[in-house]
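Colleague: Following this message is one structure expressed as structure tokens.
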Amino acid sequence: MKTTEFFKGFSIKKYFPILMLISLILLFSLLQSRFFTFSNAMVILQQMVVPLIAALGMTFVVIGGSIDLSVGSIVALSALATAKMVPSMGLFAIIPALIVGLACGLLNGVIFAKGKVPSFIVTMGTMVAFRGVVLLVTKGAPVEITNKLFLKVFAGRSFGVANSVMFAVLIVAVVYVVFNNFSFGREIRAIGGGERVAQLTGIRVDRAKIIVFSLCGLLCGLAGMFQAARVYAATPTMGEGMEMDVIASVVVGGTPLSGGVGSIQGTILGTMIIAVLSNGMNMIGLAPEVQYIAKGLVLIVAVFMTIDREKIGIIK
């Protein structure tokens, strides 16, 4: 039997995210009795907020057949904008975060679509550039947030649940509706499935690409605001390495890097898997370097399970 024929009929591939999540929950519950508790579940949900919001934006990018390596740096830059503006704008400091995120995403999209530069190269360059701006402005020191109202609204709790989790649920609902009920979602899937075919059907490909990266930047701006609120500050190293967790969340959730297919609910599952994995490894006391190895292996397994070998043809 050919490899492609084997994976075509390999039904576990469809249920891989759910099976992995259940397996991780069972494993950590056996290893640590405090893992399977309501209080820890609330901690996991709170830890999911920032990577989930950024991963929602990355989902559009990956389905469109591209990649964005600058998400962590956009989160840091947006968090910095929030921290700088909270003293004068209070709750409305969310606006600078959104503007910065949108501007960064728009820059990525324009260079990628109009400059015809591969998204990997564009976002790798802006990842370094945006991080440089953060280091330049902060000079290596954190920018604290002391506004009590801002922290209460975005980092407080209501009825035992973190407000950030409630905001995240609302954001997920909006993104889900946009992806599944607007022509924009169909256009992105068409572009990821075959850009030349999409052009022939009348889709304005460059315009769609710019919107996708702008949307990703906007959501990363939101994520940066919540991250700043969560730690009461914007730090120079904030968001470092986040691109790995975000991409892993999307891929583990069943969205292949080859593009064309994917779902919001899959990304939610993927983010939950990464959050459960990180939380569980911390609870059982694994060293940070071991955690990196584990996350890397999970990402490899996820790509192995979700990649569309028939579509790619030759693996390079």
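To be explicit about the labels: the chains of the structure tokens are called A, B, and onward in the order shown, and within each one the residues are counted from 1, while ligands get numbers from 1 in the order they are shown.
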Sorted by chain and rising residue number, which residues of region 10-95 of chain A lie within 12 Å of region 283-287 of chain A, and what are their closest atom pairs and distances in Å to one decimal, counting only C-alpha atoms, as a tab-separated table?
Modeller:
residue	atom	partner	partner_atom	distance
A:Leu27	CA	A:Ile284	CA	10.9
A:Phe28	CA	A:Ile284	CA	7.9
A:Ser29	CA	A:Ile284	CA	10.2
A:Leu30	CA	A:Ile284	CA	10.5
A:Leu31	CA	A:Ile284	CA	7.0
A:Gln32	CA	A:Ile284	CA	6.4
A:Ser33	CA	A:Met283	CA	9.7
A:Arg34	CA	A:Met283	CA	8.2
A:Phe35	CA	A:Met283	CA	7.4
A:Phe36	CA	A:Met283	CA	11.1
A:Asn40	CA	A:Met283	CA	10.0
A:Val43	CA	A:Met283	CA	11.8
A:Ile44	CA	A:Met283	CA	11.6
Colleague: Tell me, counting only C-alpha atoms, for each residue of region 69-93 of chain A within 12 Å of region 205-215 of chain A, which pair of atoms is nearest and how far apart they are in Å to one decimal, in rows ordered by chain and increasing number, as a Markdown table.
Modeller:
| residue | atom | partner | partner_atom | distance |
| --- | --- | --- | --- | --- |
| A:Leu69 | CA | A:Phe213 | CA | 11.3 |
| A:Ser70 | CA | A:Phe213 | CA | 10.6 |
| A:Val71 | CA | A:Phe213 | CA | 10.3 |
| A:Ile74 | CA | A:Ser214 | CA | 11.4 |
Colleague: Go ahead and write the residues just picked, N, CA and C atoms, as a short mmCIF file (atom, residue, chain, number, x, y, z; two decimals), in the first residue's frame.
Modeller:
data_model
loop_
_atom_site.label_atom_id
_atom_site.label_comp_id
_atom_site.auth_asym_id
_atom_site.auth_seq_id
_atom_site.Cartn_x
_atom_site.Cartn_y
_atom_site.Cartn_z
N LEU A 69 5.72 35.00 11.29
CA LEU A 69 6.65 34.77 12.40
C LEU A 69 6.77 35.96 13.34
N SER A 70 6.09 37.06 13.02
CA SER A 70 6.25 38.28 13.81
C SER A 70 5.21 38.45 14.90
N VAL A 71 4.36 37.44 15.12
CA VAL A 71 3.25 37.60 16.08
C VAL A 71 3.73 37.94 17.49
N ILE A 74 4.78 41.56 17.59
CA ILE A 74 3.62 42.45 17.52
C ILE A 74 2.91 42.50 18.87
#
Colleague: My list of candidates is A:Phe60, A:Gly202, A:Ile95, A:Tyr292. Which is closest to Gly241 (chain A) when distances are computed with only C-alpha atoms?
Modeller: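 Using only C-alpha atoms, the shortest distance to Gly241 (chain A) belongs to A:Tyr292.
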Colleague: Give me the residues near Arg189 (chain A) as an MDAnalysis selection string, where near means some atom within 12 Å (using only C-alpha atoms) and where sequence neighbours in that chain fewer than 5 positions away do not count.
Modeller: chainID A and resid 59:66 179:180 182:184 194:195 197:198 203 205 208:209 212 255:256 258:263
Colleague: Go ahead and write the residues just picked, N, CA and C atoms, as a short mmCIF file (atom, residue, chain, number, x, y, z; two decimals), in the first residue's frame.
Modeller:
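What landed in part_21.cif:
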data_model
loop_
_atom_site.label_atom_id
_atom_site.label_comp_id
_atom_site.auth_asym_id
_atom_site.auth_seq_id
_atom_site.Cartn_x
_atom_site.Cartn_y
_atom_site.Cartn_z
N THR A 59 -4.58 31.59 12.22
CA THR A 59 -5.39 30.61 11.50
C THR A 59 -5.73 31.11 10.10
N PHE A 60 -6.14 32.38 10.00
CA PHE A 60 -6.45 32.96 8.69
C PHE A 60 -5.22 32.95 7.79
N VAL A 61 -4.07 33.30 8.38
CA VAL A 61 -2.82 33.37 7.61
C VAL A 61 -2.42 32.00 7.08
N VAL A 62 -2.47 30.99 7.93
CA VAL A 62 -2.05 29.64 7.55
C VAL A 62 -3.03 29.04 6.54
N ILE A 63 -4.32 29.24 6.74
CA ILE A 63 -5.30 28.73 5.79
C ILE A 63 -5.09 29.36 4.42
N GLY A 64 -4.62 30.62 4.41
CA GLY A 64 -4.33 31.30 3.15
C GLY A 64 -3.03 30.84 2.51
N GLY A 65 -2.33 29.89 3.16
CA GLY A 65 -1.11 29.34 2.60
C GLY A 65 0.14 30.12 2.95
N SER A 66 0.07 30.99 3.97
CA SER A 66 1.23 31.81 4.35
C SER A 66 1.61 31.52 5.80
N PHE A 179 -15.39 34.10 9.87
CA PHE A 179 -14.75 33.04 9.09
C PHE A 179 -15.78 32.16 8.37
N ASN A 180 -16.89 31.88 9.03
CA ASN A 180 -17.84 30.90 8.49
C ASN A 180 -19.04 31.49 7.78
N PHE A 182 -19.01 34.85 6.16
CA PHE A 182 -18.71 35.93 5.22
C PHE A 182 -17.90 35.37 4.05
N SER A 183 -18.03 36.02 2.91
CA SER A 183 -17.30 35.55 1.72
C SER A 183 -15.80 35.60 1.92
N PHE A 184 -15.34 36.45 2.83
CA PHE A 184 -13.92 36.58 3.11
C PHE A 184 -13.31 35.24 3.50
N GLY A 194 -5.44 27.08 -3.85
CA GLY A 194 -4.83 27.26 -5.17
C GLY A 194 -4.95 28.71 -5.60
N GLU A 195 -3.85 29.44 -5.48
CA GLU A 195 -3.89 30.89 -5.72
C GLU A 195 -4.24 31.23 -7.16
N VAL A 197 -5.98 29.49 -9.33
CA VAL A 197 -7.39 29.20 -9.55
C VAL A 197 -8.25 30.28 -8.92
N ALA A 198 -7.86 30.73 -7.74
CA ALA A 198 -8.61 31.78 -7.04
C ALA A 198 -8.62 33.07 -7.86
N ILE A 203 -11.29 36.42 -7.53
CA ILE A 203 -10.90 36.85 -6.18
C ILE A 203 -9.72 37.80 -6.27
N VAL A 205 -6.76 38.61 -4.99
CA VAL A 205 -5.84 37.88 -4.12
C VAL A 205 -4.98 38.82 -3.27
N ALA A 208 -6.98 40.37 -0.51
CA ALA A 208 -7.30 39.39 0.53
C ALA A 208 -6.09 39.10 1.42
N LYS A 209 -4.91 39.00 0.81
CA LYS A 209 -3.69 38.75 1.59
C LYS A 209 -3.40 39.89 2.57
N VAL A 212 -5.81 39.69 5.43
CA VAL A 212 -5.48 38.58 6.32
C VAL A 212 -4.38 38.96 7.30
N THR A 255 -5.13 22.40 11.25
CA THR A 255 -4.96 23.26 10.07
C THR A 255 -3.58 22.99 9.47
N PRO A 256 -3.49 22.35 8.31
CA PRO A 256 -2.19 22.02 7.74
C PRO A 256 -1.47 23.25 7.21
N SER A 258 0.03 23.51 4.61
CA SER A 258 -0.15 23.60 3.16
C SER A 258 -1.30 24.54 2.79
N GLY A 259 -2.14 24.89 3.77
CA GLY A 259 -3.22 25.85 3.54
C GLY A 259 -4.45 25.25 2.89
N GLY A 260 -5.47 26.10 2.74
CA GLY A 260 -6.68 25.68 2.04
C GLY A 260 -7.80 25.17 2.92
N VAL A 261 -7.46 24.58 4.05
CA VAL A 261 -8.46 24.05 4.96
C VAL A 261 -8.09 24.41 6.40
N GLY A 262 -9.08 24.36 7.27
CA GLY A 262 -8.85 24.67 8.67
C GLY A 262 -10.13 25.16 9.31
N SER A 263 -10.10 25.32 10.62
CA SER A 263 -11.29 25.76 11.32
C SER A 263 -10.92 26.52 12.59
#
Colleague: Give the answer as one residue: which of A:Ala275, A:Val86, A:Leu151, A:Ile67 has the shortest atom-to-atom distance to Met124 (chain A), using only C-alpha atoms?
Modeller: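 Using only C-alpha atoms, Met124 (chain A) sits closest to A:Ile67.
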Colleague: Quick one, how far is CA of Lys116 (chain A) from CA of Val133 (chain A)?
Modeller: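 Interatomic distance here is 24.8 Å.
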Colleague: What's around Gly156 (chain A) at 12 Å? Count only C-alpha atoms, leave out sequence neighbours fewer than 2 positions away in its own chain, and write the answer as a PyMOL selection string.
Modeller: chain A and resi 46+148-154+158-167+226+229-232
Colleague: Write a file of the just-selected residues containing N, CA and C atoms, as a short mmCIF file (atom, residue, chain, number, x, y, z; two decimals), in the first residue's frame.
Modeller:
data_model
loop_
_atom_site.label_atom_id
_atom_site.label_comp_id
_atom_site.auth_asym_id
_atom_site.auth_seq_id
_atom_site.Cartn_x
_atom_site.Cartn_y
_atom_site.Cartn_z
N GLN A 46 -7.17 30.84 31.63
CA GLN A 46 -6.55 32.17 31.68
C GLN A 46 -5.24 32.19 30.89
N LYS A 148 -5.76 51.12 38.33
CA LYS A 148 -6.55 50.07 38.98
C LYS A 148 -7.80 49.69 38.18
N LEU A 149 -8.44 50.67 37.56
CA LEU A 149 -9.65 50.39 36.79
C LEU A 149 -9.31 49.53 35.57
N PHE A 150 -8.23 49.87 34.88
CA PHE A 150 -7.79 49.11 33.70
C PHE A 150 -7.50 47.67 34.09
N LEU A 151 -6.76 47.49 35.19
CA LEU A 151 -6.39 46.15 35.63
C LEU A 151 -7.61 45.37 36.11
N LYS A 152 -8.56 46.06 36.74
CA LYS A 152 -9.77 45.38 37.22
C LYS A 152 -10.61 44.87 36.06
N VAL A 153 -10.74 45.68 35.01
CA VAL A 153 -11.58 45.31 33.87
C VAL A 153 -10.94 44.20 33.05
N PHE A 154 -9.65 44.34 32.75
CA PHE A 154 -9.02 43.41 31.82
C PHE A 154 -8.24 42.28 32.49
N SER A 158 -14.74 37.96 37.60
CA SER A 158 -16.17 38.13 37.84
C SER A 158 -16.77 36.74 38.01
N PHE A 159 -17.42 36.53 39.15
CA PHE A 159 -18.05 35.23 39.44
C PHE A 159 -17.03 34.08 39.39
N GLY A 160 -15.79 34.37 39.80
CA GLY A 160 -14.76 33.35 39.85
C GLY A 160 -14.07 33.05 38.54
N VAL A 161 -14.48 33.74 37.49
CA VAL A 161 -13.88 33.53 36.17
C VAL A 161 -13.13 34.79 35.75
N ALA A 162 -11.94 34.63 35.19
CA ALA A 162 -11.15 35.78 34.75
C ALA A 162 -11.89 36.54 33.66
N ASN A 163 -11.92 37.88 33.78
CA ASN A 163 -12.58 38.71 32.77
C ASN A 163 -11.97 38.49 31.39
N SER A 164 -10.66 38.24 31.35
CA SER A 164 -9.99 38.03 30.06
C SER A 164 -10.56 36.81 29.34
N VAL A 165 -10.96 35.79 30.10
CA VAL A 165 -11.55 34.59 29.50
C VAL A 165 -12.89 34.93 28.85
N MET A 166 -13.68 35.78 29.54
CA MET A 166 -14.98 36.19 28.99
C MET A 166 -14.78 37.01 27.71
N PHE A 167 -13.80 37.90 27.73
CA PHE A 167 -13.50 38.69 26.53
C PHE A 167 -13.06 37.75 25.39
N PHE A 226 -4.02 42.30 26.46
CA PHE A 226 -4.38 41.37 27.54
C PHE A 226 -3.13 40.85 28.26
N ALA A 229 -1.98 43.56 30.61
CA ALA A 229 -2.87 43.63 31.76
C ALA A 229 -2.61 42.47 32.72
N ARG A 230 -2.33 41.31 32.15
CA ARG A 230 -2.14 40.12 32.98
C ARG A 230 -0.91 40.22 33.87
N VAL A 231 0.19 40.77 33.34
CA VAL A 231 1.43 40.85 34.12
C VAL A 231 1.67 42.24 34.70
N TYR A 232 0.67 43.14 34.50
CA TYR A 232 0.74 44.51 35.05
C TYR A 232 1.88 45.33 34.47
#
Colleague: Excluding Leu297 (chain A) and any residue of its chain fewer than 5 positions from it, enumerate the residues within 12 Å of it, using only C-alpha atoms, and give them as a list in words.
Modeller: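 After dropping sequence-adjacent residues, the list is Ala248, Val252, Ile274, Leu277, Val290, Gln291, Tyr292, Ala302, Val303 and Phe304 of chain A.
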Colleague: Grab the residues selected above and save them as a compact mmCIF listing (two decimals), in the first residue's frame with all heavy atoms.
Modeller:
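Dumped to result.txt:
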# COMPACT_ATOMS: atom_id res chain seq x y z
N ALA A 248 2.07 26.25 16.56
CA ALA A 248 1.78 24.89 17.04
C ALA A 248 0.29 24.74 17.34
O ALA A 248 -0.31 23.71 17.02
CB ALA A 248 2.61 24.59 18.29
N VAL A 252 -1.59 21.91 15.41
CA VAL A 252 -2.08 20.82 16.25
C VAL A 252 -3.60 20.73 16.16
O VAL A 252 -4.18 19.65 16.25
CB VAL A 252 -1.63 21.02 17.72
CG1 VAL A 252 -2.33 20.03 18.64
CG2 VAL A 252 -0.13 20.84 17.84
N ILE A 274 -1.85 22.88 23.75
CA ILE A 274 -0.57 23.51 24.11
C ILE A 274 -0.62 24.04 25.54
O ILE A 274 0.35 23.91 26.30
CB ILE A 274 -0.22 24.64 23.13
CG1 ILE A 274 -0.08 24.10 21.69
CG2 ILE A 274 1.08 25.33 23.55
CD1 ILE A 274 0.99 23.04 21.53
N LEU A 277 -0.54 21.10 27.93
CA LEU A 277 0.82 20.55 27.92
C LEU A 277 1.76 21.39 28.78
O LEU A 277 2.51 20.86 29.61
CB LEU A 277 1.33 20.48 26.48
CG LEU A 277 2.72 19.89 26.26
CD1 LEU A 277 2.76 18.43 26.68
CD2 LEU A 277 3.14 20.03 24.79
N VAL A 290 13.46 20.65 28.87
CA VAL A 290 12.69 19.44 28.55
C VAL A 290 11.33 19.83 27.97
O VAL A 290 10.82 19.18 27.06
CB VAL A 290 12.51 18.56 29.80
CG1 VAL A 290 11.66 17.33 29.47
CG2 VAL A 290 13.86 18.13 30.35
N GLN A 291 10.76 20.90 28.49
CA GLN A 291 9.47 21.38 27.98
C GLN A 291 9.59 21.82 26.52
O GLN A 291 8.69 21.57 25.72
CB GLN A 291 8.96 22.53 28.85
CG GLN A 291 8.61 22.13 30.27
CD GLN A 291 7.90 23.23 31.04
OE1 GLN A 291 7.18 24.04 30.45
NE2 GLN A 291 8.08 23.27 32.35
N TYR A 292 10.69 22.47 26.20
CA TYR A 292 10.91 22.88 24.79
C TYR A 292 10.98 21.65 23.88
O TYR A 292 10.42 21.64 22.78
CB TYR A 292 12.21 23.68 24.67
CG TYR A 292 12.06 25.15 24.99
CD1 TYR A 292 12.67 25.71 26.10
CD2 TYR A 292 11.29 25.99 24.18
CE1 TYR A 292 12.54 27.06 26.39
CE2 TYR A 292 11.14 27.33 24.46
CZ TYR A 292 11.77 27.86 25.57
OH TYR A 292 11.63 29.19 25.86
N ALA A 302 2.18 16.72 15.08
CA ALA A 302 0.98 17.37 14.54
C ALA A 302 1.11 17.60 13.04
O ALA A 302 0.17 17.35 12.28
CB ALA A 302 0.74 18.70 15.25
N VAL A 303 2.27 18.08 12.61
CA VAL A 303 2.50 18.29 11.17
C VAL A 303 2.45 16.96 10.43
O VAL A 303 1.86 16.84 9.36
CB VAL A 303 3.85 18.99 10.93
CG1 VAL A 303 4.17 19.04 9.45
CG2 VAL A 303 3.84 20.39 11.51
N PHE A 304 3.06 15.93 11.03
CA PHE A 304 3.07 14.59 10.42
C PHE A 304 1.64 14.07 10.23
O PHE A 304 1.33 13.44 9.21
CB PHE A 304 3.84 13.64 11.32
CG PHE A 304 3.91 12.23 10.81
CD1 PHE A 304 4.80 11.88 9.81
CD2 PHE A 304 3.07 11.24 11.33
CE1 PHE A 304 4.87 10.58 9.33
CE2 PHE A 304 3.13 9.94 10.85
CZ PHE A 304 4.03 9.61 9.86
Colleague: Pick out each residue of region 33-280 of chain A that DSSP on the backbone tags as strand (DSSP E or B); I need them as a ChimeraX atom specification.
Modeller: /A:143-144,157-158,161-162,233-234
Colleague: Looking at only C-alpha atoms, which of A:Gly280, A:Gly125, A:Gly221, A:Gly254 is the one that sits closest to Pro51 (chain A)?
Modeller: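 Residue with the minimum atom-to-atom distance to Pro51 (chain A): A:Gly221.
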Colleague: According to DSSP computed on the backbone, where in region 52-212 of chain A is there helix (DSSP H, G or I)? Give the residues as an NGL selection string.
Modeller: :A and (52-63 or 71-115 or 119-138 or 148-155 or 163-181 or 183-193 or 195-200 or 205-212)
Colleague: Contacts of Ile264 (chain A) at 12 Å or less, counting only C-alpha atoms, minus same-chain residues fewer than 5 places along, as a ChimeraX atom specification?
Modeller: /A:52-53,55-60,62-63,171-180,185,249-251,253-255,269-271
